[in-house]
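Step one of this worksheet: look at the structure below.
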Amino acid sequence: MLRSKIAGIGYYVPERVVKNGDLVQIMDTTDEWIQERTGIQERRYGRKHEETTTTMAAAATRIACERAGIRPEDIDFIIFATLSPDYYFPGCGVLVQRELGITHREVGALDVRNQCSGFVYALSVADQFVRTGTYKNVLVVGSEMHSMGLDFSTRGRNVTVIFGDGAGAAILQPSDNPERGILATKLHSDGTYAEKLAFINPGCHGGYHMRKLGEEADLGYPPVETPGEIFFTPRMLQEGLYYPNMEGQFVFKMAVQKFPEVIFEALQAAGLTSADLDMLIPHQANLRISQFVQKKLGLRDDQVWNNIQRFGNTTAASIPIALCEAWEAGKIKDGDLVCLAAFGSGFTWASALLRWG
Ligand code: ACO
């Protein structure tokens with residue numbers, strides 16, 4: 001069986017820089033609180049109504065294609081990971097296909113809804129297609145326009161200060177060197193804690209899961225079903241019951257457990273150890289989480305790429321942006337062993353081990 005390799009990567013972040021000090025002007029927070037808890041100093045926000053999750057993904061994809069030596073029209077299959085799609089449906093896969101002008105061929109487009117681990121899940125799916133010889137140029141793209149869906153009042157501060165906009169893309173191709181490319185991918189989930197980090201309204205749940213869990217949360221649904229008022233009720237609009245929620249400390253505890261587990265699992269599958277690793281690209285959830293993982297794996301500072309300070313948490317885009325930055329900075333070289341790892345909403349977590357080149 002073939003191996004697949006990343007033949008080209010690219011990223012795009014919007015021009016507008018939003019510093020912690022800018023958020024201090026609109027909500028009750030401080031630069032000290034944000035930096036101390038998360039490491040974040042600034043993030044990027046896209047131009048509303050002009051840039052979208054899809055347009056940012058297209059920008060990153062054009063760079064990845066050029067570096068892979070292909071044109072967007074050569075892409076065989078699209079896998080798009082995001083939690084902030086342009087539309088509820090259809091997904092961004094077909095929108096980026098149109099945006100890139102890949103309309104002469106009816107290529108497949110798949111949307112992945114795995115939040116922070118979305119890019120690694122998408123990469124794993126692409127890997128299966130390439131290794132089996134099904135496709136030769138698979139686009140794997142993660143993109144997020146978080147700034148369109150955050151609560152900028154003090155009520156939403158625990159979530160809002162963390163997230164930023166951006167996109168990262170990779171072109172997966174068959175590797176002509178059996179020693180290079182993706183060595184292992186590991187994917188996990190546990191839906192027990194689905195609501196601990198979630199964006200549940202609007203939706204078709206009608207409060208079902210909360211009632212089943214015996215939880216009291218008032219989600220803005222009328223007690224008696226009223227046709228036309230179930231998906232999105234006037235109360236949700238009036239009371240702002242349509243923002244993401246996060247139990248930060250619970251997420252933190254799970255993340256610091258699952259990140260190392262899934263990294264060790266991928267290393268073990270490839271018959272390697274953390275001493276063999278050249279670069280770890282963790283999902284940029286929180287600088288404290290990445291530092292904990294670094295310590296657990298016994299890695300030096302220059303073996304872990306952190307850019308959350310400048311971009312915040314860009315969810316499905318964070319790994320390809322960080323991977324691309326590290327590569328552009330010359331920190332990932334031919335033959336290096338690179339591990340991508342993510343944990344997030346679901347909960348879902350995943351890793352991918354690659355021999356670069
Ligand atoms: N500014 C100022 N104060 C704040 C802010 C803010 N932006 N947000 C919350 N606070 C306050 C709270 O109201 C609380 O006040 P209180 O003590 O008076 O009640 C206090 O700060 C402490 O709140 P906690 O939520 O307990 O703060 P914690 O130390 O846990 O830090 C954080 C919060 C940064 C979210 C942390 O829990 C964390 O890193 N969790 C991991 C979750 C994560 O990384 N999420 C990223 C997205 S998910 C992912 O990518 C995996």
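In the structure tokens, chains take the letters A, B, ... in the order shown, each chain's residues start at 1, and ligands count up from 1 in the order shown.
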Practice item. Taking the chain letters and numbering used in this document, name the residues of range 122-224 of chain A that DSSP puts in helix (DSSP H, G or I), as a ChimeraX atom specification. Key: /A:122-131,146-148,154-160,191-196,208-213
Review point. Which chains and residue numbers are within 8 Å of ligand 1, counting only C-alpha atoms and all ligand atoms, if I want them as a ChimeraX atom specification?
Key: /A:28-30,33-34,37-38,116,154,156-163,197,246-253,255,283-286,288-289,313,315,342-345
Please dump the current selection as an mmCIF file, in the first residue's frame; keep C-alpha atoms.
```
data_model
loop_
_atom_site.group_PDB
_atom_site.id
_atom_site.type_symbol
_atom_site.label_atom_id
_atom_site.label_comp_id
_atom_site.auth_asym_id
_atom_site.auth_seq_id
_atom_site.Cartn_x
_atom_site.Cartn_y
_atom_site.Cartn_z
ATOM 1 C CA ASP A 28 -14.916 43.348 31.558
ATOM 2 C CA THR A 29 -11.577 41.639 31.099
ATOM 3 C CA THR A 30 -7.871 42.457 31.367
ATOM 4 C CA TRP A 33 -6.090 37.739 32.894
ATOM 5 C CA ILE A 34 -6.038 36.667 29.243
ATOM 6 C CA ARG A 37 -4.701 32.010 31.687
ATOM 7 C CA THR A 38 -4.243 31.414 27.944
ATOM 8 C CA CYS A 116 -10.575 21.358 17.361
ATOM 9 C CA THR A 154 -18.994 40.411 29.521
ATOM 10 C CA GLY A 156 -19.264 35.667 26.950
ATOM 11 C CA ARG A 157 -15.781 36.744 28.031
ATOM 12 C CA ASN A 158 -14.501 33.303 29.091
ATOM 13 C CA VAL A 159 -14.999 32.014 25.530
ATOM 14 C CA THR A 160 -14.663 35.131 23.388
ATOM 15 C CA VAL A 161 -11.146 36.157 24.428
ATOM 16 C CA ILE A 162 -9.779 32.775 23.329
ATOM 17 C CA PHE A 163 -10.842 32.532 19.706
ATOM 18 C CA LEU A 197 -17.864 22.744 25.143
ATOM 19 C CA MET A 246 -17.484 26.168 27.733
ATOM 20 C CA GLU A 247 -16.735 24.733 31.152
ATOM 21 C CA GLY A 248 -13.131 25.817 30.976
ATOM 22 C CA GLN A 249 -11.662 23.949 33.925
ATOM 23 C CA PHE A 250 -13.347 20.677 32.964
ATOM 24 C CA VAL A 251 -12.064 21.000 29.390
ATOM 25 C CA PHE A 252 -8.590 21.801 30.682
ATOM 26 C CA LYS A 253 -8.437 18.671 32.851
ATOM 27 C CA ALA A 255 -7.214 18.046 27.503
ATOM 28 C CA HIS A 283 -3.789 22.301 18.477
ATOM 29 C CA GLN A 284 -3.455 25.823 19.860
ATOM 30 C CA ALA A 285 -6.075 25.500 22.600
ATOM 31 C CA ASN A 286 -4.275 27.283 25.367
ATOM 32 C CA ARG A 288 -0.742 26.309 29.390
ATOM 33 C CA ILE A 289 -2.108 23.095 27.903
ATOM 34 C CA ASN A 313 -7.358 29.546 19.166
ATOM 35 C CA THR A 315 -9.992 25.580 16.195
ATOM 36 C CA ALA A 342 -5.617 17.859 19.003
ATOM 37 C CA PHE A 343 -8.288 17.743 21.668
ATOM 38 C CA GLY A 344 -11.583 19.567 21.719
ATOM 39 C CA SER A 345 -15.353 19.732 21.716
#
```
**Study point:** Polymer residues at most 10 Å from Pro178 in chain A, only C-alpha atoms, same-chain spacing of 6 or more positions, as a PyMOL selection string
**Key:** chain A and resi 1-5
Output N, CA and C atoms of each residue in that selection to a file, as an mmCIF file, in the first residue's frame.
```cif
data_model
loop_
_atom_site.group_PDB
_atom_site.id
_atom_site.type_symbol
_atom_site.label_atom_id
_atom_site.label_comp_id
_atom_site.auth_asym_id
_atom_site.auth_seq_id
_atom_site.Cartn_x
_atom_site.Cartn_y
_atom_site.Cartn_z
ATOM 1 N N MET A 1 0.830 -1.202 0.000
ATOM 2 C CA MET A 1 0.000 0.000 0.000
ATOM 3 C C MET A 1 0.869 1.258 0.000
ATOM 4 N N LEU A 2 0.402 2.277 -0.726
ATOM 5 C CA LEU A 2 1.133 3.550 -0.785
ATOM 6 C C LEU A 2 1.118 4.243 0.581
ATOM 7 N N ARG A 3 2.011 5.226 0.720
ATOM 8 C CA ARG A 3 1.902 6.165 1.840
ATOM 9 C C ARG A 3 1.472 7.504 1.274
ATOM 10 N N SER A 4 0.849 8.327 2.107
ATOM 11 C CA SER A 4 0.510 9.671 1.635
ATOM 12 C C SER A 4 1.411 10.687 2.323
ATOM 13 N N LYS A 5 1.645 11.787 1.609
ATOM 14 C CA LYS A 5 2.502 12.846 2.176
ATOM 15 C C LYS A 5 1.838 14.202 1.971
#
```
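Here CA of Ile308 in chain A stands at a distance of 17.9 Å from CA of Leu150 in chain A.
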Quick one: which range 141-210 of chain A residues come within 12 Å of range 330-336 of chain A, and what is the nearest atom pair for each with the distance in Å to one decimal, counting only C-alpha atoms, rows ordered by chain and ascending number, as JSON lines?
```
{"residue": "A:Asn177", "atom": "CA", "partner": "A:Gly335", "partner_atom": "CA", "distance": 10.9}
{"residue": "A:Pro178", "atom": "CA", "partner": "A:Gly335", "partner_atom": "CA", "distance": 11.9}
{"residue": "A:Glu179", "atom": "CA", "partner": "A:Gly335", "partner_atom": "CA", "distance": 8.7}
{"residue": "A:Arg180", "atom": "CA", "partner": "A:Gly335", "partner_atom": "CA", "distance": 7.2}
{"residue": "A:Gly181", "atom": "CA", "partner": "A:Gly335", "partner_atom": "CA", "distance": 9.3}
{"residue": "A:Ile182", "atom": "CA", "partner": "A:Asp336", "partner_atom": "CA", "distance": 11.8}
```
Requested write-out: N, CA and C atoms of the selected residues, as a JSON list (two decimals), in the first residue's frame:
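Output file out.json is given in full below:
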```json
[["chain", "number", "residue", "atom", "x", "y", "z"],
["A", 177, "ASN", "N", 8.38, 7.90, -1.76],
["A", 177, "ASN", "CA", 9.36, 7.34, -0.83],
["A", 177, "ASN", "C", 8.61, 6.65, 0.31],
["A", 178, "PRO", "N", 8.72, 5.31, 0.42],
["A", 178, "PRO", "CA", 7.95, 4.59, 1.44],
["A", 178, "PRO", "C", 8.33, 4.96, 2.87],
["A", 179, "GLU", "N", 9.48, 5.62, 3.03],
["A", 179, "GLU", "CA", 9.94, 6.01, 4.37],
["A", 179, "GLU", "C", 9.30, 7.33, 4.83],
["A", 180, "ARG", "N", 8.71, 8.06, 3.87],
["A", 180, "ARG", "CA", 8.20, 9.40, 4.17],
["A", 180, "ARG", "C", 6.68, 9.43, 4.14],
["A", 181, "GLY", "N", 6.13, 10.43, 4.80],
["A", 181, "GLY", "CA", 4.68, 10.64, 4.76],
["A", 181, "GLY", "C", 4.03, 10.30, 6.09],
["A", 182, "ILE", "N", 2.71, 10.08, 6.03],
["A", 182, "ILE", "CA", 1.96, 9.83, 7.26],
["A", 182, "ILE", "C", 2.21, 8.39, 7.74]]
```
Determine, using only C-alpha atoms, which residues of range 121-193 of chain A have any atom at most 12 Å from an atom of range 76-100 of chain A, and tabulate each with its shortest atom pair and distance in Å to one decimal place, rows ordered by chain and then rising number, as JSON lines.
```
{"residue": "A:Tyr121", "atom": "CA", "partner": "A:Ala81", "partner_atom": "CA", "distance": 8.5}
{"residue": "A:Ala122", "atom": "CA", "partner": "A:Ile79", "partner_atom": "CA", "distance": 6.1}
{"residue": "A:Leu123", "atom": "CA", "partner": "A:Ile79", "partner_atom": "CA", "distance": 8.2}
{"residue": "A:Ser124", "atom": "CA", "partner": "A:Ile79", "partner_atom": "CA", "distance": 10.4}
{"residue": "A:Val125", "atom": "CA", "partner": "A:Ile79", "partner_atom": "CA", "distance": 8.3}
{"residue": "A:Ala126", "atom": "CA", "partner": "A:Ile79", "partner_atom": "CA", "distance": 7.4}
{"residue": "A:Asp127", "atom": "CA", "partner": "A:Ile79", "partner_atom": "CA", "distance": 11.1}
{"residue": "A:Phe129", "atom": "CA", "partner": "A:Phe77", "partner_atom": "CA", "distance": 9.1}
{"residue": "A:Val130", "atom": "CA", "partner": "A:Phe77", "partner_atom": "CA", "distance": 10.1}
{"residue": "A:Gly133", "atom": "CA", "partner": "A:Asp76", "partner_atom": "CA", "distance": 11.6}
{"residue": "A:Thr134", "atom": "CA", "partner": "A:Asp76", "partner_atom": "CA", "distance": 9.2}
{"residue": "A:Tyr135", "atom": "CA", "partner": "A:Asp76", "partner_atom": "CA", "distance": 6.0}
{"residue": "A:Lys136", "atom": "CA", "partner": "A:Asp76", "partner_atom": "CA", "distance": 6.6}
{"residue": "A:Asn137", "atom": "CA", "partner": "A:Asp76", "partner_atom": "CA", "distance": 5.3}
{"residue": "A:Val138", "atom": "CA", "partner": "A:Phe77", "partner_atom": "CA", "distance": 4.9}
{"residue": "A:Leu139", "atom": "CA", "partner": "A:Ile78", "partner_atom": "CA", "distance": 4.8}
{"residue": "A:Val140", "atom": "CA", "partner": "A:Ile79", "partner_atom": "CA", "distance": 5.0}
{"residue": "A:Val141", "atom": "CA", "partner": "A:Phe80", "partner_atom": "CA", "distance": 5.0}
{"residue": "A:Gly142", "atom": "CA", "partner": "A:Ala81", "partner_atom": "CA", "distance": 4.7}
{"residue": "A:Ser143", "atom": "CA", "partner": "A:Thr82", "partner_atom": "CA", "distance": 5.6}
{"residue": "A:Glu144", "atom": "CA", "partner": "A:Ser84", "partner_atom": "CA", "distance": 5.5}
{"residue": "A:Met145", "atom": "CA", "partner": "A:Ser84", "partner_atom": "CA", "distance": 5.9}
{"residue": "A:His146", "atom": "CA", "partner": "A:Ser84", "partner_atom": "CA", "distance": 6.3}
{"residue": "A:Ser147", "atom": "CA", "partner": "A:Ser84", "partner_atom": "CA", "distance": 9.4}
{"residue": "A:Met148", "atom": "CA", "partner": "A:Ser84", "partner_atom": "CA", "distance": 8.4}
{"residue": "A:Gly149", "atom": "CA", "partner": "A:Ser84", "partner_atom": "CA", "distance": 7.8}
{"residue": "A:Leu150", "atom": "CA", "partner": "A:Ser84", "partner_atom": "CA", "distance": 10.6}
{"residue": "A:Phe163", "atom": "CA", "partner": "A:Ser84", "partner_atom": "CA", "distance": 11.6}
{"residue": "A:Gly164", "atom": "CA", "partner": "A:Ser84", "partner_atom": "CA", "distance": 11.4}
{"residue": "A:Asp165", "atom": "CA", "partner": "A:Ser84", "partner_atom": "CA", "distance": 9.8}
{"residue": "A:Gly166", "atom": "CA", "partner": "A:Thr82", "partner_atom": "CA", "distance": 10.7}
{"residue": "A:Ala167", "atom": "CA", "partner": "A:Thr82", "partner_atom": "CA", "distance": 9.5}
{"residue": "A:Gly168", "atom": "CA", "partner": "A:Ala81", "partner_atom": "CA", "distance": 10.1}
{"residue": "A:Ala169", "atom": "CA", "partner": "A:Phe80", "partner_atom": "CA", "distance": 9.2}
{"residue": "A:Ala170", "atom": "CA", "partner": "A:Ile79", "partner_atom": "CA", "distance": 10.1}
{"residue": "A:Ile171", "atom": "CA", "partner": "A:Ile78", "partner_atom": "CA", "distance": 9.5}
{"residue": "A:Leu172", "atom": "CA", "partner": "A:Phe77", "partner_atom": "CA", "distance": 9.9}
{"residue": "A:Gln173", "atom": "CA", "partner": "A:Asp76", "partner_atom": "CA", "distance": 10.2}
```
Point to revise | Shell of 12 Å around Gly101 in chain A, only C-alpha atoms, local chain residues under 4 positions omitted, as a list in words | key: Ala58, Arg62, Arg71, Pro72, Glu73, Asp74, Ile75, Val94, Leu95, Val96, Gln97, Arg105, Glu106 and Val107 of chain A
Expected file: the selected residues, N, CA and C atoms, as a compact mmCIF listing (two decimals), in the first residue's frame:
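Output file selection17.txt is given in full below:
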```
# COMPACT_ATOMS: atom_id res chain seq x y z
N ALA A 58 -10.05 29.27 0.83
CA ALA A 58 -9.61 29.33 -0.57
C ALA A 58 -8.24 29.99 -0.67
N ARG A 62 -4.93 28.10 -2.17
CA ARG A 62 -4.16 28.53 -3.35
C ARG A 62 -2.66 28.44 -3.07
N ARG A 71 -2.52 22.92 -9.75
CA ARG A 71 -3.51 24.00 -9.81
C ARG A 71 -4.74 23.55 -9.01
N PRO A 72 -5.53 24.47 -8.49
CA PRO A 72 -6.73 24.04 -7.77
C PRO A 72 -7.59 23.07 -8.58
N GLU A 73 -7.60 23.23 -9.91
CA GLU A 73 -8.41 22.34 -10.76
C GLU A 73 -7.92 20.89 -10.71
N ASP A 74 -6.68 20.69 -10.22
CA ASP A 74 -6.15 19.32 -10.15
C ASP A 74 -6.61 18.58 -8.89
N ILE A 75 -7.25 19.30 -7.97
CA ILE A 75 -7.71 18.65 -6.72
C ILE A 75 -8.78 17.60 -7.06
N VAL A 94 -18.38 22.34 -0.63
CA VAL A 94 -18.84 22.71 -1.99
C VAL A 94 -18.63 24.21 -2.24
N LEU A 95 -18.68 25.01 -1.17
CA LEU A 95 -18.49 26.46 -1.36
C LEU A 95 -17.04 26.76 -1.75
N VAL A 96 -16.11 26.04 -1.13
CA VAL A 96 -14.70 26.30 -1.49
C VAL A 96 -14.40 25.73 -2.89
N GLN A 97 -15.10 24.66 -3.24
CA GLN A 97 -14.97 24.13 -4.60
C GLN A 97 -15.34 25.22 -5.61
N ARG A 105 -15.10 19.75 -13.05
CA ARG A 105 -15.14 18.33 -12.70
C ARG A 105 -15.99 18.17 -11.45
N GLU A 106 -16.72 17.09 -11.38
CA GLU A 106 -17.59 16.89 -10.22
C GLU A 106 -16.81 16.14 -9.14
N VAL A 107 -15.83 16.81 -8.58
CA VAL A 107 -15.02 16.18 -7.53
C VAL A 107 -15.88 16.02 -6.27
```
Check your understanding: Do you have the CA of Thr53 in chain A-CA of Gly21 in chain A distance handy?
Key -> 25.3 Å
Exercise for review: Excluding Phe259 in chain A and residues on its chain fewer than 2 positions from it, collect all residues at most 10 Å away from it, counting only C-alpha atoms, and give them as a ChimeraX atom specification.
Suggested key: /A:254-257,261-264,282-283,289-290,292-293,296,341-344,349-351
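Nearest residue to Gln41 in chain A among A:Leu280, A:Ala59, A:Met236, A:Leu287 is A:Leu287, counting only C-alpha atoms.
Picture a line from CA of Ala275 in chain A to CA of Gly10 in chain A; it runs 28.2 Å.
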Review point. Could you pull the residues within 9 Å of His205 in chain A, counting only C-alpha atoms, minus those fewer than 4 positions along the same chain, as an MDAnalysis selection string?
Key: chainID A and resid 200:201 209 230:231
Check your understanding: Could you write out, as an MDAnalysis selection string, all the residues of range 82-189 of chain A that DSSP marks as strand (DSSP E or B)?
Key -> chainID A and resid 108:112 138:144 163 166:174 181:189
Would you save the residues from that selection as a short mmCIF file (atom, residue, chain, number, x, y, z; two decimals), in the first residue's frame, using N, CA and C atoms?
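File again.cif, as written:
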```cif
data_model
loop_
_atom_site.label_atom_id
_atom_site.label_comp_id
_atom_site.auth_asym_id
_atom_site.auth_seq_id
_atom_site.Cartn_x
_atom_site.Cartn_y
_atom_site.Cartn_z
N GLY A 108 -15.47 15.14 -5.38
CA GLY A 108 -16.21 14.96 -4.13
C GLY A 108 -15.83 16.02 -3.12
N ALA A 109 -16.77 16.38 -2.27
CA ALA A 109 -16.50 17.35 -1.19
C ALA A 109 -17.16 16.85 0.08
N LEU A 110 -16.36 16.79 1.14
CA LEU A 110 -16.83 16.25 2.42
C LEU A 110 -16.58 17.27 3.53
N ASP A 111 -17.57 17.46 4.39
CA ASP A 111 -17.40 18.38 5.52
C ASP A 111 -17.21 17.59 6.81
N VAL A 112 -16.24 18.03 7.60
CA VAL A 112 -15.94 17.36 8.86
C VAL A 112 -16.31 18.31 9.99
N VAL A 138 -5.59 15.36 -2.68
CA VAL A 138 -6.72 15.61 -1.78
C VAL A 138 -6.45 16.91 -1.00
N LEU A 139 -7.42 17.81 -1.05
CA LEU A 139 -7.32 19.04 -0.26
C LEU A 139 -7.89 18.78 1.13
N VAL A 140 -7.07 19.08 2.14
CA VAL A 140 -7.53 19.02 3.53
C VAL A 140 -7.43 20.44 4.07
N VAL A 141 -8.56 21.01 4.42
CA VAL A 141 -8.53 22.42 4.83
C VAL A 141 -9.31 22.62 6.11
N GLY A 142 -8.76 23.45 7.00
CA GLY A 142 -9.46 23.83 8.23
C GLY A 142 -9.57 25.34 8.24
N SER A 143 -10.76 25.86 8.51
CA SER A 143 -10.93 27.31 8.47
C SER A 143 -12.00 27.73 9.47
N GLU A 144 -11.81 28.88 10.09
CA GLU A 144 -12.79 29.35 11.09
C GLU A 144 -12.95 30.86 11.04
N PHE A 163 -10.78 32.97 21.11
CA PHE A 163 -10.84 32.53 19.71
C PHE A 163 -10.48 33.60 18.68
N GLY A 166 -8.99 32.37 10.97
CA GLY A 166 -7.88 32.00 10.10
C GLY A 166 -8.15 30.68 9.41
N ALA A 167 -7.23 30.31 8.51
CA ALA A 167 -7.40 29.08 7.73
C ALA A 167 -6.04 28.47 7.41
N GLY A 168 -6.02 27.14 7.33
CA GLY A 168 -4.80 26.44 6.91
C GLY A 168 -5.18 25.28 6.01
N ALA A 169 -4.33 25.00 5.02
CA ALA A 169 -4.68 23.96 4.04
C ALA A 169 -3.47 23.10 3.72
N ALA A 170 -3.74 21.85 3.37
CA ALA A 170 -2.68 20.92 2.95
C ALA A 170 -3.16 20.14 1.74
N ILE A 171 -2.23 19.84 0.84
CA ILE A 171 -2.53 18.96 -0.29
C ILE A 171 -1.86 17.62 -0.01
N LEU A 172 -2.66 16.57 0.04
CA LEU A 172 -2.12 15.23 0.27
C LEU A 172 -1.96 14.50 -1.05
N GLN A 173 -0.79 13.92 -1.23
CA GLN A 173 -0.49 13.16 -2.46
C GLN A 173 0.16 11.84 -2.08
N PRO A 174 0.17 10.88 -3.02
CA PRO A 174 0.92 9.64 -2.76
C PRO A 174 2.41 9.97 -2.63
N GLY A 181 6.13 10.43 4.80
CA GLY A 181 4.68 10.64 4.76
C GLY A 181 4.03 10.30 6.09
N ILE A 182 2.71 10.08 6.03
CA ILE A 182 1.96 9.83 7.26
C ILE A 182 2.21 8.39 7.74
N LEU A 183 2.73 8.28 8.97
CA LEU A 183 3.08 6.96 9.51
C LEU A 183 1.92 6.36 10.30
N ALA A 184 1.16 7.21 10.99
CA ALA A 184 0.05 6.71 11.81
C ALA A 184 -0.92 7.84 12.11
N THR A 185 -2.20 7.49 12.20
CA THR A 185 -3.19 8.45 12.72
C THR A 185 -4.03 7.72 13.77
N LYS A 186 -4.42 8.44 14.79
CA LYS A 186 -5.25 7.86 15.87
C LYS A 186 -6.41 8.82 16.17
N LEU A 187 -7.60 8.29 16.17
CA LEU A 187 -8.80 9.11 16.35
C LEU A 187 -9.64 8.58 17.52
N HIS A 188 -10.12 9.51 18.36
CA HIS A 188 -10.95 9.08 19.50
C HIS A 188 -12.08 10.07 19.75
N SER A 189 -13.11 9.56 20.44
CA SER A 189 -14.19 10.46 20.88
C SER A 189 -14.85 9.90 22.12
#
```
Check your understanding: Quick one: of A:Val338, A:Val13, A:Gly191, A:Glu325, who's nearest to Thr55 in chain A, counting only C-alpha atoms?
Key -> A:Val13
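If only C-alpha atoms are the atoms counted, then among A:Val304, A:Ile70, A:Met56, A:Ile40 the closest residue to Lys19 in chain A is A:Ile40.
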Exercise for review: Please identify all polymer residues within 8 Å of Arg67 in chain A, counting only C-alpha atoms, omitting same-chain residues fewer than 6 positions from it, and present them as number ranges by chain.
Suggested key: A: 7-10
